[in-house]
Amino acid sequence: MRLVLTMAKRLPDQAVATLVDEVKRGFDGHDEDYYNSIELAIDDYRARFSPSTRAVRDPDLERVLWLRKDGRAKASTYGSSGLIVTAPASAVAAVAVGFDQAAQSDDGRRTHRVESTDRQVVVEWTDSPGLGFRLDRVATQQLADLQAKYPGLTGWIQGPDRLAGIYFAAADIELDALLTDLPKLVTTEQFKKLELGWGPVRAPQAIFAQAFTPQIRTLIGPLMQVPGVTRIDIRDDDGVPKPESVTVKDRAGYVVTVASLRTVWDSYLSIQLIRRPSKYVGQPGHWVFRGSLFDAGPEYRIHTALADVAGVTQVQVGPESANLTIAKDITDQDLARAFKAMAGLPATHTIDLAVSGDPETLDITLIGRVTSRKYAAPSPAPAEIDPALLSRVSTAWAPAAD
């Protein structure tokens with residue numbers, strides 16, 4: 001059980017400390033397991049402390065008071081095991097270093113995270129003195145220094161696995177200047193795996209300097225002008241840089257990317273639609289569909305029709321069958337649009353329908369199948385699915401299939 005105390009706005013640090021001491025004295029002698037921690041709401045920050053008078057230090061409270069005094073972080077809350085701090089993108093790394101220095105870590109294992117609102121910059125680390133896990137201050141300070149020099153720089157650090165991504169904005173530094181200065185700008189020894197980027201281009205650190213061949217520059221040139229393009233991934237093919245995929249965020253990005261690639265590229269290249277960043281650090285996010293510059297016919301038509309339909313979480317179209325996954329809370333309008341698009345497939349296509357729980361963990365539940373344009377609900381109905389949704393699906397499919 002947890003008690004939450006809301007402090008008066010802008011209450012001075014000393015007054016907060018005095019109140020904490022009074023609360024601890026009030027709980028002295030009571031069962032310590034009743035409230036294993038008490039949470040303070042201090043302005044836009046949250047901090048927990050132990051009510052036991054034997055707890056001589058409250059590191060979370062010390063850190064949150066530092067955040068408030070420092071002023072760059074906008075808020076803090078709690079994740080599954082540690083604090084999540086929100087800060088402006090340009091200050092994330094610097095705030096992470098200061099946050100870590102603000103208090104001595106206690107026993108146990110915690111995972112803290114400092115992130116920008118859009119999650120374009122994230123620093124996450126496991127803090128466990130007993131296991132030797134801590135924030136890599138050298139690596140994080142390097143990211144902070146780069147952010148101070150290049151305002152558009154984004155990226156992430158994930159510890160204790162020593163993984164990271166550092167992405168330079170094209171508006172901050174020209175490509176050839178970056179390639180020349182890179183050995184002086186980024187020290188790589190402290191990372192087990194490092195991904196580098198310039199504009200939307202992403203490549204492993206080992207091949208980044210060699211990734212911009214004349215052929216690849218011809219590829220990325222037009223794509224750099226497409227607002228909906230968010231990533232151009234270059235893979236390491238035994239030391240040879242090879243374009244792997246282009247990621248877009250919306251219908252406009254997909255349509256223009258397909259048209260652009262057809263003029264500059266003559267071999268297969270994956271195009272994937274990802275609408276939002278992943279909740280997992282360093283991961284690109286859940287794809288809604290994957291296609292290529294060779295998309296045509298029903299596949300291209302369905303991709304363009306469903307790219308901006310928020311209630312569709314995944315769609316796959318094959319030569320004889322297709323899969324459509326929808327959100328549990330899909331609106332009637334989105335459901336109608338989705339079924340109208342899928343109904344354009346030949347009657348010989350089998351369509352499996354599913355509902356997504358957590359798309360990032362591929363947690364889906366099958367809710368029926370369309371065969372010869374007839375929808376059949378699963379029997380028995382899945383216990384975790386609201387019967388009203390199955391009824392809506394059946395009702396919405398009938399007019400779409402006519």
# chains A, B, ... in the order shown; residues from 1 in each chain; ligands from 1
>>> residues_around(residues="segment 385-391 of chain A", least_positions_apart="4", cutoff="12 Å", atoms="only C-alpha atoms", output="count of residues only")
30
>>> closest_residue(among="A:Glu22, A:Pro51, A:Ala310, A:Gln205", to="Glu189 of chain A", atoms="only C-alpha atoms")
A:Gln205
>>> residues_around(residues="Asp127 of chain A", least_positions_apart="3", cutoff="7 Å", atoms="only C-alpha atoms", output="PyMOL selection string")
chain A and resi 109-111+133-135
>>> write_last_selection(atoms="N, CA and C atoms", output="PDB file, in the first residue's frame")
ATOM      1  N   ARG A 109      18.000  -2.838  -6.838  1.00  0.00           N
ATOM      2  CA  ARG A 109      18.187  -2.685  -8.287  1.00  0.00           C
ATOM      3  C   ARG A 109      17.059  -1.817  -8.820  1.00  0.00           C
ATOM      4  N   ARG A 110      17.410  -0.711  -9.440  1.00  0.00           N
ATOM      5  CA  ARG A 110      16.441   0.240  -9.977  1.00  0.00           C
ATOM      6  C   ARG A 110      16.785   0.527 -11.433  1.00  0.00           C
ATOM      7  N   THR A 111      15.797   0.895 -12.199  1.00  0.00           N
ATOM      8  CA  THR A 111      16.019   1.336 -13.568  1.00  0.00           C
ATOM      9  C   THR A 111      15.451   2.735 -13.714  1.00  0.00           C
ATOM     10  N   PHE A 133      26.229  -2.066 -11.359  1.00  0.00           N
ATOM     11  CA  PHE A 133      25.526  -1.364 -12.430  1.00  0.00           C
ATOM     12  C   PHE A 133      25.333   0.095 -12.038  1.00  0.00           C
ATOM     13  N   ARG A 134      25.671   0.981 -12.933  1.00  0.00           N
ATOM     14  CA  ARG A 134      25.490   2.406 -12.682  1.00  0.00           C
ATOM     15  C   ARG A 134      25.450   3.154 -14.006  1.00  0.00           C
ATOM     16  N   LEU A 135      25.062   4.405 -13.960  1.00  0.00           N
ATOM     17  CA  LEU A 135      25.089   5.236 -15.156  1.00  0.00           C
ATOM     18  C   LEU A 135      26.523   5.384 -15.645  1.00  0.00           C
TER      19      LEU A 135
END
>>> atom_distance(atom1="atom CA of His349 of chain A", atom2="atom CA of Glu320 of chain A")
5.0 Å
>>> residues_around(residues="Ala252 of chain A", least_positions_apart="2", cutoff="12 Å", atoms="only C-alpha atoms", output="JSON, numbers by chain")
{"A": [226, 227, 228, 229, 248, 249, 250, 254, 255, 256, 257, 258, 259, 273, 303, 304, 305, 306, 307, 308]}
>>> write_last_selection(atoms="N, CA and C atoms", output="PDB file, in the first residue's frame")
ATOM      1  N   VAL A 226      11.763  14.162 -48.191  1.00  0.00           N
ATOM      2  CA  VAL A 226      10.412  13.662 -47.899  1.00  0.00           C
ATOM      3  C   VAL A 226      10.135  13.800 -46.404  1.00  0.00           C
ATOM      4  N   PRO A 227       9.210  14.683 -45.993  1.00  0.00           N
ATOM      5  CA  PRO A 227       8.958  14.885 -44.552  1.00  0.00           C
ATOM      6  C   PRO A 227       8.544  13.614 -43.822  1.00  0.00           C
ATOM      7  N   GLY A 228       7.878  12.704 -44.517  1.00  0.00           N
ATOM      8  CA  GLY A 228       7.386  11.504 -43.845  1.00  0.00           C
ATOM      9  C   GLY A 228       8.408  10.416 -43.656  1.00  0.00           C
ATOM     10  N   VAL A 229       9.630  10.585 -44.166  1.00  0.00           N
ATOM     11  CA  VAL A 229      10.686   9.590 -43.978  1.00  0.00           C
ATOM     12  C   VAL A 229      11.374   9.842 -42.643  1.00  0.00           C
ATOM     13  N   VAL A 248       8.818   5.095 -42.886  1.00  0.00           N
ATOM     14  CA  VAL A 248       7.975   6.270 -43.043  1.00  0.00           C
ATOM     15  C   VAL A 248       6.960   6.295 -41.908  1.00  0.00           C
ATOM     16  N   LYS A 249       6.370   7.461 -41.697  1.00  0.00           N
ATOM     17  CA  LYS A 249       5.449   7.597 -40.566  1.00  0.00           C
ATOM     18  C   LYS A 249       3.994   7.783 -40.976  1.00  0.00           C
ATOM     19  N   ASP A 250       3.724   8.011 -42.274  1.00  0.00           N
ATOM     20  CA  ASP A 250       2.352   8.265 -42.686  1.00  0.00           C
ATOM     21  C   ASP A 250       2.159   7.935 -44.165  1.00  0.00           C
ATOM     22  N   TYR A 254       4.829   7.340 -47.376  1.00  0.00           N
ATOM     23  CA  TYR A 254       4.875   6.069 -48.114  1.00  0.00           C
ATOM     24  C   TYR A 254       4.721   6.300 -49.616  1.00  0.00           C
ATOM     25  N   VAL A 255       3.730   7.073 -50.009  1.00  0.00           N
ATOM     26  CA  VAL A 255       3.453   7.288 -51.424  1.00  0.00           C
ATOM     27  C   VAL A 255       4.636   7.958 -52.116  1.00  0.00           C
ATOM     28  N   VAL A 256       5.172   9.016 -51.504  1.00  0.00           N
ATOM     29  CA  VAL A 256       6.287   9.738 -52.126  1.00  0.00           C
ATOM     30  C   VAL A 256       7.547   8.875 -52.137  1.00  0.00           C
ATOM     31  N   THR A 257       7.770   8.088 -51.084  1.00  0.00           N
ATOM     32  CA  THR A 257       8.954   7.220 -51.025  1.00  0.00           C
ATOM     33  C   THR A 257       8.922   6.175 -52.138  1.00  0.00           C
ATOM     34  N   VAL A 258       7.787   5.534 -52.326  1.00  0.00           N
ATOM     35  CA  VAL A 258       7.673   4.545 -53.401  1.00  0.00           C
ATOM     36  C   VAL A 258       7.975   5.194 -54.747  1.00  0.00           C
ATOM     37  N   ALA A 259       7.387   6.360 -54.992  1.00  0.00           N
ATOM     38  CA  ALA A 259       7.603   7.046 -56.270  1.00  0.00           C
ATOM     39  C   ALA A 259       9.062   7.459 -56.436  1.00  0.00           C
ATOM     40  N   LEU A 273       6.110   1.142 -42.452  1.00  0.00           N
ATOM     41  CA  LEU A 273       5.403   2.247 -41.801  1.00  0.00           C
ATOM     42  C   LEU A 273       5.420   2.033 -40.299  1.00  0.00           C
ATOM     43  N   HIS A 303      -2.123  -0.573 -48.558  1.00  0.00           N
ATOM     44  CA  HIS A 303      -1.157   0.204 -47.775  1.00  0.00           C
ATOM     45  C   HIS A 303      -1.513   1.686 -47.774  1.00  0.00           C
ATOM     46  N   THR A 304      -1.834   2.232 -48.931  1.00  0.00           N
ATOM     47  CA  THR A 304      -2.167   3.659 -48.990  1.00  0.00           C
ATOM     48  C   THR A 304      -3.487   3.949 -48.280  1.00  0.00           C
ATOM     49  N   ALA A 305      -4.438   3.017 -48.352  1.00  0.00           N
ATOM     50  CA  ALA A 305      -5.738   3.234 -47.728  1.00  0.00           C
ATOM     51  C   ALA A 305      -5.678   3.178 -46.211  1.00  0.00           C
ATOM     52  N   LEU A 306      -4.778   2.349 -45.653  1.00  0.00           N
ATOM     53  CA  LEU A 306      -4.773   2.111 -44.206  1.00  0.00           C
ATOM     54  C   LEU A 306      -3.618   2.784 -43.461  1.00  0.00           C
ATOM     55  N   ALA A 307      -2.710   3.411 -44.184  1.00  0.00           N
ATOM     56  CA  ALA A 307      -1.527   3.992 -43.531  1.00  0.00           C
ATOM     57  C   ALA A 307      -1.892   4.979 -42.432  1.00  0.00           C
ATOM     58  N   ASP A 308      -2.925   5.779 -42.648  1.00  0.00           N
ATOM     59  CA  ASP A 308      -3.298   6.799 -41.668  1.00  0.00           C
ATOM     60  C   ASP A 308      -4.526   6.416 -40.845  1.00  0.00           C
TER      61      ASP A 308
END
>>> select_by_dssp(residues="segment 150-291 of chain A", states="helix (DSSP H, G or I)", output="ChimeraX atom specification")
/A:175-185,205-208,214-223,251-264
>>> write_last_selection(atoms="N, CA, C and O atoms", output="compact mmCIF listing (two decimals), in the first residue's frame")
# COMPACT_ATOMS: atom_id res chain seq x y z
N LEU A 175 27.32 16.61 -44.20
CA LEU A 175 27.76 15.22 -44.15
C LEU A 175 29.27 15.08 -44.25
O LEU A 175 29.90 14.39 -43.44
N ASP A 176 29.88 15.72 -45.23
CA ASP A 176 31.32 15.55 -45.42
C ASP A 176 32.10 16.10 -44.23
O ASP A 176 33.14 15.53 -43.84
N ALA A 177 31.62 17.17 -43.62
CA ALA A 177 32.27 17.71 -42.43
C ALA A 177 32.16 16.73 -41.27
O ALA A 177 33.11 16.55 -40.49
N LEU A 178 31.00 16.09 -41.15
CA LEU A 178 30.81 15.10 -40.09
C LEU A 178 31.76 13.92 -40.28
O LEU A 178 32.40 13.47 -39.32
N LEU A 179 31.86 13.43 -41.50
CA LEU A 179 32.72 12.27 -41.75
C LEU A 179 34.19 12.61 -41.46
O LEU A 179 34.94 11.75 -40.98
N THR A 180 34.58 13.85 -41.71
CA THR A 180 35.95 14.27 -41.43
C THR A 180 36.21 14.39 -39.93
O THR A 180 37.25 13.96 -39.43
N ASP A 181 35.22 14.96 -39.23
CA ASP A 181 35.42 15.26 -37.80
C ASP A 181 35.00 14.12 -36.88
O ASP A 181 35.25 14.20 -35.67
N LEU A 182 34.37 13.09 -37.40
CA LEU A 182 33.77 12.06 -36.56
C LEU A 182 34.74 11.43 -35.55
O LEU A 182 34.38 11.27 -34.38
N PRO A 183 35.97 11.09 -35.94
CA PRO A 183 36.87 10.48 -34.93
C PRO A 183 37.14 11.38 -33.74
O PRO A 183 37.40 10.88 -32.63
N LYS A 184 37.06 12.69 -33.93
CA LYS A 184 37.28 13.62 -32.83
C LYS A 184 36.00 13.89 -32.05
O LYS A 184 36.06 14.30 -30.88
N LEU A 185 34.86 13.67 -32.67
CA LEU A 185 33.59 13.99 -32.03
C LEU A 185 33.07 12.86 -31.14
O LEU A 185 32.50 13.12 -30.08
N GLN A 205 28.20 1.78 -36.23
CA GLN A 205 29.40 2.62 -36.15
C GLN A 205 30.55 2.07 -36.99
O GLN A 205 31.30 2.83 -37.62
N ALA A 206 30.67 0.74 -37.06
CA ALA A 206 31.81 0.13 -37.75
C ALA A 206 31.85 0.48 -39.24
O ALA A 206 32.93 0.52 -39.84
N ILE A 207 30.68 0.73 -39.85
CA ILE A 207 30.66 1.02 -41.29
C ILE A 207 30.14 2.41 -41.62
O ILE A 207 30.01 2.76 -42.79
N PHE A 208 29.84 3.20 -40.59
CA PHE A 208 29.20 4.50 -40.85
C PHE A 208 30.03 5.37 -41.79
O PHE A 208 29.51 5.96 -42.74
N PRO A 214 28.79 6.75 -53.46
CA PRO A 214 28.03 7.50 -54.46
C PRO A 214 26.65 6.91 -54.73
O PRO A 214 25.66 7.65 -54.89
N GLN A 215 26.56 5.58 -54.78
CA GLN A 215 25.27 4.94 -55.03
C GLN A 215 24.28 5.21 -53.89
O GLN A 215 23.10 5.52 -54.13
N ILE A 216 24.75 5.09 -52.64
CA ILE A 216 23.87 5.32 -51.50
C ILE A 216 23.51 6.80 -51.39
O ILE A 216 22.38 7.15 -51.03
N ARG A 217 24.41 7.69 -51.74
CA ARG A 217 24.08 9.12 -51.74
C ARG A 217 22.98 9.41 -52.76
O ARG A 217 22.11 10.25 -52.52
N THR A 218 23.03 8.74 -53.90
CA THR A 218 21.97 8.90 -54.90
C THR A 218 20.63 8.43 -54.35
O THR A 218 19.58 9.03 -54.63
N LEU A 219 20.68 7.38 -53.54
CA LEU A 219 19.46 6.85 -52.92
C LEU A 219 18.88 7.81 -51.89
O LEU A 219 17.68 8.11 -51.90
N ILE A 220 19.73 8.28 -50.98
CA ILE A 220 19.21 9.06 -49.86
C ILE A 220 18.89 10.50 -50.23
O ILE A 220 18.09 11.16 -49.54
N GLY A 221 19.47 11.01 -51.32
CA GLY A 221 19.24 12.40 -51.70
C GLY A 221 17.77 12.76 -51.80
O GLY A 221 17.30 13.66 -51.08
N PRO A 222 16.99 12.07 -52.64
CA PRO A 222 15.56 12.40 -52.73
C PRO A 222 14.80 12.12 -51.44
O PRO A 222 13.86 12.85 -51.10
N LEU A 223 15.18 11.07 -50.73
CA LEU A 223 14.46 10.71 -49.51
C LEU A 223 14.64 11.75 -48.41
O LEU A 223 13.77 11.90 -47.54
N ARG A 251 0.93 8.10 -44.62
CA ARG A 251 0.58 7.77 -46.00
C ARG A 251 1.38 8.61 -46.98
O ARG A 251 1.89 8.07 -47.99
N ALA A 252 1.45 9.91 -46.74
CA ALA A 252 2.17 10.78 -47.66
C ALA A 252 3.62 10.34 -47.80
O ALA A 252 4.16 10.31 -48.92
N GLY A 253 4.25 9.99 -46.69
CA GLY A 253 5.63 9.53 -46.74
C GLY A 253 5.78 8.26 -47.54
O GLY A 253 6.74 8.11 -48.31
N TYR A 254 4.83 7.34 -47.38
CA TYR A 254 4.87 6.07 -48.11
C TYR A 254 4.72 6.30 -49.62
O TYR A 254 5.51 5.78 -50.42
N VAL A 255 3.73 7.07 -50.01
CA VAL A 255 3.45 7.29 -51.42
C VAL A 255 4.64 7.96 -52.12
O VAL A 255 5.08 7.53 -53.19
N VAL A 256 5.17 9.02 -51.50
CA VAL A 256 6.29 9.74 -52.13
C VAL A 256 7.55 8.88 -52.14
O VAL A 256 8.33 8.91 -53.09
N THR A 257 7.77 8.09 -51.08
CA THR A 257 8.95 7.22 -51.03
C THR A 257 8.92 6.17 -52.14
O THR A 257 9.93 5.93 -52.81
N VAL A 258 7.79 5.53 -52.33
CA VAL A 258 7.67 4.55 -53.40
C VAL A 258 7.98 5.19 -54.75
O VAL A 258 8.75 4.66 -55.56
N ALA A 259 7.39 6.36 -54.99
CA ALA A 259 7.60 7.05 -56.27
C ALA A 259 9.06 7.46 -56.44
O ALA A 259 9.64 7.31 -57.53
N SER A 260 9.68 7.95 -55.36
CA SER A 260 11.08 8.41 -55.44
C SER A 260 12.03 7.24 -55.69
O SER A 260 12.94 7.33 -56.52
N LEU A 261 11.82 6.14 -54.97
CA LEU A 261 12.73 5.00 -55.11
C LEU A 261 12.65 4.39 -56.51
O LEU A 261 13.65 3.89 -57.03
N ARG A 262 11.50 4.44 -57.11
CA ARG A 262 11.36 3.86 -58.45
C ARG A 262 12.19 4.62 -59.49
O ARG A 262 12.48 4.08 -60.56
N THR A 263 12.59 5.85 -59.15
CA THR A 263 13.39 6.63 -60.10
C THR A 263 14.89 6.50 -59.86
O THR A 263 15.68 6.82 -60.76
N VAL A 264 15.29 6.03 -58.67
CA VAL A 264 16.74 6.00 -58.36
C VAL A 264 17.25 4.63 -57.94
O VAL A 264 18.45 4.45 -57.78
>>> closest_residue(among="A:Arg68, A:Arg57, A:Arg373, A:Lys279", to="Asp107 of chain A", atoms="only C-alpha atoms")
A:Arg57
>>> residues_around(residues="Gly344 of chain A", least_positions_apart="4", cutoff="9 Å", atoms="only C-alpha atoms", output="PyMOL selection string")
chain A and resi 298+301-302+339-340+400-401
>>> atom_distance(atom1="atom CA of Gly285 of chain A", atom2="atom CA of Thr117 of chain A")
15.7 Å
>>> select_by_dssp(residues="segment 161-218 of chain A", states="strand (DSSP E or B)", output="count of residues only")
16
